[in-house]
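Engineer: Dropping a structure here in structure tokens format, bear with me for questions.
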Amino acid sequence: MDDYMTSLNHRQREAVEATEGRIRVVAGAGSGKTKALTCRYAYLVNVLGVDPANILCLTFTNKAAQEMRQRIHRLVGSGDYNDFVCTIHGFCVKFLRQEIHRLGYPKSFTILDDDDQKQLAKQVMEELGLNRTVETVGQFLDATANKKVALFLQQPNYIDRMMLTEGLSESFDSSALDPEQANDMAFARYLQLQKKTLGLDFQDLIFFTIHILKRFPDACQYWQNEMEYIMLDEAQDCNKSDWTIVETLQGIHHNLFIVGDPDQAIYEWRGAKPKMFIEFQNDKTIVLDQNYRSTSSILNVANSVIRRNRNRVPKNLFTTRSGGTKVTHFHGRSDEEEARWIVAKIRALCPPSDATTSLSDFAILYRASYLSRGIEQALVRAGIDYVIWGSVRFFDRAEIKDALSYLRLIDQGDDLSFLRICNVPSRKVGRAYMSRLKAFADHDGTTLYDALKRHISARELYKESMVHFIDLIERCRQLVEERMKLPILLDQHGTVVSTQRRDHVISDVLDMVLEESGYKQLLREDDDTDRLENLTELLQSVQSYEEAHQQDEVLSISSYLQEIALYTNMDLDDVKQGTPRPTANGQKPTASPKVRLMTIHQAKGLEFPYVFVTGLSEGIFPSMKTLRERKRDGEEEERRLMYVAVTRAEKELFLTESEGFSAAARLSKYPSRFLREIKRDLFVTEGDMDELLWQESSKMVKTLGLDFGQDDAMTSSSLPSSEDVFPPGTRVKHDILGEGTIIDFNEVRGSYTVQFGNGTRNIRGNFLKPI
DNA sequence: ATTTTCGAGATTTTT
DNA sequence: TCTCGAAAAT
């Protein structure tokens, strides 16, 4: 601990020791922000003696929470304490498991993922006869989400009424409605169906938490009291509701420590409010601007990118490590050439025989996930191992969801899991059969599965395949019940002796249901080894869960399902118990080192020795769509994204783009403004580039009306970068006006007031040469 | 009534 | 690359 403290610089130390009150830390990229946070947590526990149960430490992603937990663990020692090191959603789940009974929900409420919501939406649309070509399921869900927000803002007590049967469950007759109303009917129906599943989506987790905090003062006070110290990471990416929760929770102790970087705010598109970080009422602000990550060559590029943003609090990152290899720009004649160059570069820097560099030192970043395609092809051709980081995530895979749905059906018998797997593998039930079954269920007021069980012998429903299906589910349920009755045996030391049969109940049931349902057979017939392997892995992860919770009274299918519910978009390795942890820079210990491909958003918070930022073309990055929809704000956020990308690099940075036609942007590709904004002498260009193309780009941008500069000084590369600001008194020469003296520099306009022989003029820097 | 097949279209970012 | 919907085949 003490060692750790001495390794901090004085600002970091100040942050660690500022435990009381409202503290804000502005932490630039690579300035040791996580170090300060984890160390502060350890300081609270080890030096102040605060109980970890009273510290809330909120992160932005599950991955970040995971890493934070591990680093804290190393500093604080073992113990079951890291309960409240989590994402905001993770906190809400913990909160709601304890408090949601106030709203009439069971504490075992489920969390609805995208697929579940789609399922619900489809059902609603089908019922109300909404044409899916007019409005897709996705659009329907977007609209529903928006309506939910509006409803919550206008009348948050709708949540109270959710559980009352009146209010939302009138019978729906869509025929006599005009389209406008039909939409609201669909919305109401959606809420009604959702309520029936006793499930909350991600947004509900937040809303329900806020609602309970507001409506039940005793609950609110309890939690305010518990949360003696609150830390909030990535505060610039929090939205209004996130802030509401955090500000409410700090209501008694007022110890709120927030960390963020307005220059890395890249989630405004989904409602983040970086302004709330900037305007945060605080007792003390600490700025961490010493960068420990990158060389100065890289940092100069980063600074010269971000200083173009007008809406920003000025801050310049610095490093004591000067020099480093100059940043390289590559211009390809086609996207294939761009990809080939990247691959060749990697080969050159990391020859197969070399032990000093590893393929895992390389990251290839892009604006949108579909851009990985071309690069992948080139990598495959060159025989370089790569992984696409966080693309198709383990728990998002169809076979995993199917398997978990079987488990959920056995445990809960709910409609959503039933709908997902009742015909997988095919039991020859289609739309017609399902609507008959639905009629039975509606009539009885039961779930689909219960209705099926009860009426299977009815003429309309009888089907041999379904008889088998029911039989299988029932046998699984019996097995679970039988096993759960077995007591946990402890010896005199309190250790578990013989729970074999009980321990493995979840994995045994899972195995049984996948085998006997014919699900595995289906995959074997398709020779789908990948998916079979995934199922094996799932089984193993269930087993390790069972082992980790051996002594737990609550070990059950539902506890397992609840545990993984929030981690559904993480890789299996992160969820598995007892697996090796990611290293400090977010790398996963993989058997063979691999180049990593990811979107810039996914790269946030990570660092790599060698970074390629690819697809730097107008319309792709910055993205045309963003520019069109959000104008200048959009452009500034894209620029911050560029800043994030650039600051990922430790040793060397490569910026690549190519000519050709961009299908997404529907136009020919030109070098991105973000490239053109960097001073030319900060990077070298490789590849065969026509200087004219470079010049053309800004014209092209202007014709499209997508340049948001307030005047020419901002759009062209004339804005002087900090290194070459002429101080007042400098003698300069102008081609036409002759020699003069700098009087002043106007930061906003990017121009100098110059005293010439015949009076003063405001002149932009690139028209002036020092004498 | 259900399943299969085929072609077209669309692709940001996350909890 | 993947998803979705419509038409053809069983």
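We name chains A, B, ... following the order of the structure tokens; residues begin at 1 in each chain, and ligands are numbered from 1 as shown.
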Could you list the residues in chain A lying within 7 Å of chain B, using only C-alpha atoms (C1' of nucleotides), and format the result as a list in words?
Structural biologist: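 Close enough to count are His89, Phe202, Ala368, Tyr370, Lys428, Gly430 and His601 of chain A.
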Engineer: Need the shell around stretch 735-738 of chain A: protein/DNA/RNA residues with any atom at most 9 Å away, counting only C-alpha atoms (C1' of nucleotides). Skip same-chain ones fewer than 3 positions apart. Format as a list in words?
Structural biologist: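 Everything that qualifies: Val732, Phe756, Gly757, Asn758, Phe767, Leu768 and Lys769 of chain A.
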Engineer: So that I have them on file, write out the residues from the current selection with N, CA and C atoms, as a PDB file, in the first residue's frame.
Structural biologist:
ATOM      1  N   VAL A 732       7.732  39.133 -38.162  1.00  0.00           N
ATOM      2  CA  VAL A 732       7.252  38.211 -39.191  1.00  0.00           C
ATOM      3  C   VAL A 732       7.232  38.891 -40.554  1.00  0.00           C
ATOM      4  N   PHE A 756       2.039  46.398 -39.113  1.00  0.00           N
ATOM      5  CA  PHE A 756       2.856  46.590 -40.304  1.00  0.00           C
ATOM      6  C   PHE A 756       3.218  48.063 -40.394  1.00  0.00           C
ATOM      7  N   GLY A 757       4.047  48.384 -41.349  1.00  0.00           N
ATOM      8  CA  GLY A 757       4.450  49.769 -41.523  1.00  0.00           C
ATOM      9  C   GLY A 757       3.267  50.723 -41.638  1.00  0.00           C
ATOM     10  N   ASN A 758       2.212  50.272 -42.340  1.00  0.00           N
ATOM     11  CA  ASN A 758       1.107  51.183 -42.588  1.00  0.00           C
ATOM     12  C   ASN A 758      -0.146  50.808 -41.771  1.00  0.00           C
ATOM     13  N   PHE A 767      -0.169  32.617 -43.087  1.00  0.00           N
ATOM     14  CA  PHE A 767       0.252  33.605 -44.070  1.00  0.00           C
ATOM     15  C   PHE A 767       1.485  34.374 -43.591  1.00  0.00           C
ATOM     16  N   LEU A 768       1.931  33.974 -42.406  1.00  0.00           N
ATOM     17  CA  LEU A 768       3.061  34.696 -41.822  1.00  0.00           C
ATOM     18  C   LEU A 768       4.262  33.774 -41.679  1.00  0.00           C
ATOM     19  N   LYS A 769       5.442  34.331 -41.947  1.00  0.00           N
ATOM     20  CA  LYS A 769       6.656  33.559 -41.725  1.00  0.00           C
ATOM     21  C   LYS A 769       7.547  34.312 -40.749  1.00  0.00           C
TER      22      LYS A 769
END
Engineer: When you draw a straight line from atom CA of A:Val327 to atom CA of A:Gln264, how long is it in Å?
Structural biologist: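 A separation of 20.9 Å between them.
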Engineer: Run DSSP on the backbone and give me the residues of stretch 128-297 of chain A it puts in alpha helix (DSSP H), as a ChimeraX atom specification.
Structural biologist: /A:137-154,158-162,179-197,202-215,217-226,240-249,274-278,296-297
Engineer: Here is a test: counting only C-alpha atoms (C1' of nucleotides), which residue of A:Glu226, A:Asp361, A:Glu376, A:Glu659 is nearest to chain C?
Structural biologist: A:Glu376
Engineer: Any chance you could tabulate, as a tab-separated table, the residues of chain C at most 12 Å from chain A with each one's nearest atom pair and distance in Å to one decimal, using only C-alpha atoms (C1' of nucleotides), in chain and rising number order?
Structural biologist:
residue	atom	partner	partner_atom	distance
C:DT1	C1'	A:Arg373	CA	8.4
C:DC2	C1'	A:Tyr370	CA	10.9
C:DC4	C1'	A:Thr136	CA	10.3
C:DG5	C1'	A:Thr133	CA	9.3
Engineer: Let's have the selection written as a compact mmCIF listing (two decimals), in the first residue's frame, with all heavy atoms.
Structural biologist:
# COMPACT_ATOMS: atom_id res chain seq x y z
P DT C 1 -17.61 -13.72 -45.39
OP1 DT C 1 -16.57 -12.90 -45.99
OP2 DT C 1 -17.35 -14.99 -44.78
O5' DT C 1 -18.57 -12.95 -44.37
C5' DT C 1 -18.09 -12.07 -43.36
C4' DT C 1 -19.28 -11.64 -42.50
O4' DT C 1 -20.01 -10.62 -43.20
C3' DT C 1 -20.28 -12.77 -42.20
O3' DT C 1 -20.49 -12.78 -40.81
C2' DT C 1 -21.55 -12.38 -42.91
C1' DT C 1 -21.40 -10.88 -43.10
N1 DT C 1 -21.97 -10.38 -44.38
C2 DT C 1 -22.89 -9.34 -44.35
O2 DT C 1 -23.26 -8.84 -43.33
N3 DT C 1 -23.32 -8.95 -45.58
C4 DT C 1 -22.94 -9.47 -46.81
O4 DT C 1 -23.41 -9.04 -47.85
C5 DT C 1 -21.98 -10.53 -46.77
C7 DT C 1 -21.50 -11.18 -48.03
C6 DT C 1 -21.54 -10.94 -45.56
P DC C 2 -21.35 -14.05 -40.21
OP1 DC C 2 -20.83 -14.24 -38.86
OP2 DC C 2 -21.45 -15.19 -41.15
O5' DC C 2 -22.78 -13.37 -40.09
C5' DC C 2 -22.94 -12.18 -39.33
C4' DC C 2 -24.31 -11.61 -39.62
O4' DC C 2 -24.38 -11.20 -41.00
C3' DC C 2 -25.43 -12.62 -39.42
O3' DC C 2 -26.28 -12.16 -38.40
C2' DC C 2 -26.13 -12.71 -40.77
C1' DC C 2 -25.69 -11.41 -41.43
N1 DC C 2 -25.70 -11.48 -42.92
C2 DC C 2 -26.35 -10.47 -43.64
O2 DC C 2 -26.89 -9.55 -43.02
N3 DC C 2 -26.35 -10.53 -44.99
C4 DC C 2 -25.75 -11.55 -45.62
N4 DC C 2 -25.79 -11.55 -46.95
C5 DC C 2 -25.09 -12.58 -44.91
C6 DC C 2 -25.08 -12.51 -43.58
P DC C 4 -33.50 -10.42 -38.11
OP1 DC C 4 -33.90 -9.46 -37.09
OP2 DC C 4 -33.47 -11.87 -37.82
O5' DC C 4 -34.42 -10.19 -39.39
C5' DC C 4 -34.39 -8.93 -40.08
C4' DC C 4 -35.12 -9.11 -41.40
O4' DC C 4 -34.28 -9.88 -42.29
C3' DC C 4 -36.43 -9.87 -41.26
O3' DC C 4 -37.51 -9.03 -41.62
C2' DC C 4 -36.29 -11.08 -42.17
C1' DC C 4 -35.12 -10.70 -43.07
N1 DC C 4 -34.30 -11.85 -43.52
C2 DC C 4 -33.99 -12.00 -44.88
O2 DC C 4 -34.42 -11.16 -45.67
N3 DC C 4 -33.23 -13.05 -45.27
C4 DC C 4 -32.79 -13.93 -44.38
N4 DC C 4 -32.04 -14.94 -44.81
C5 DC C 4 -33.09 -13.80 -42.98
C6 DC C 4 -33.85 -12.77 -42.60
P DG C 5 -39.01 -9.54 -41.37
OP1 DG C 5 -39.77 -8.39 -40.87
OP2 DG C 5 -39.01 -10.83 -40.64
O5' DG C 5 -39.47 -9.83 -42.86
C5' DG C 5 -39.24 -8.84 -43.87
C4' DG C 5 -39.47 -9.46 -45.22
O4' DG C 5 -38.43 -10.43 -45.49
C3' DG C 5 -40.79 -10.23 -45.31
O3' DG C 5 -41.42 -9.90 -46.54
C2' DG C 5 -40.38 -11.70 -45.27
C1' DG C 5 -39.02 -11.65 -45.93
N9 DG C 5 -38.13 -12.74 -45.54
C8 DG C 5 -37.93 -13.24 -44.29
N7 DG C 5 -37.05 -14.21 -44.25
C5 DG C 5 -36.66 -14.36 -45.57
C6 DG C 5 -35.73 -15.25 -46.15
O6 DG C 5 -35.05 -16.12 -45.59
N1 DG C 5 -35.63 -15.07 -47.52
C2 DG C 5 -36.33 -14.14 -48.24
N2 DG C 5 -36.10 -14.10 -49.55
N3 DG C 5 -37.20 -13.29 -47.71
C4 DG C 5 -37.31 -13.45 -46.37
Engineer: Nearest residue to A:Pro593 out of A:Asn423, A:Ile763, A:Leu359, A:Leu407, using only C-alpha atoms?
Structural biologist: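 Ranked by minimum distance to A:Pro593, first place goes to A:Leu359.
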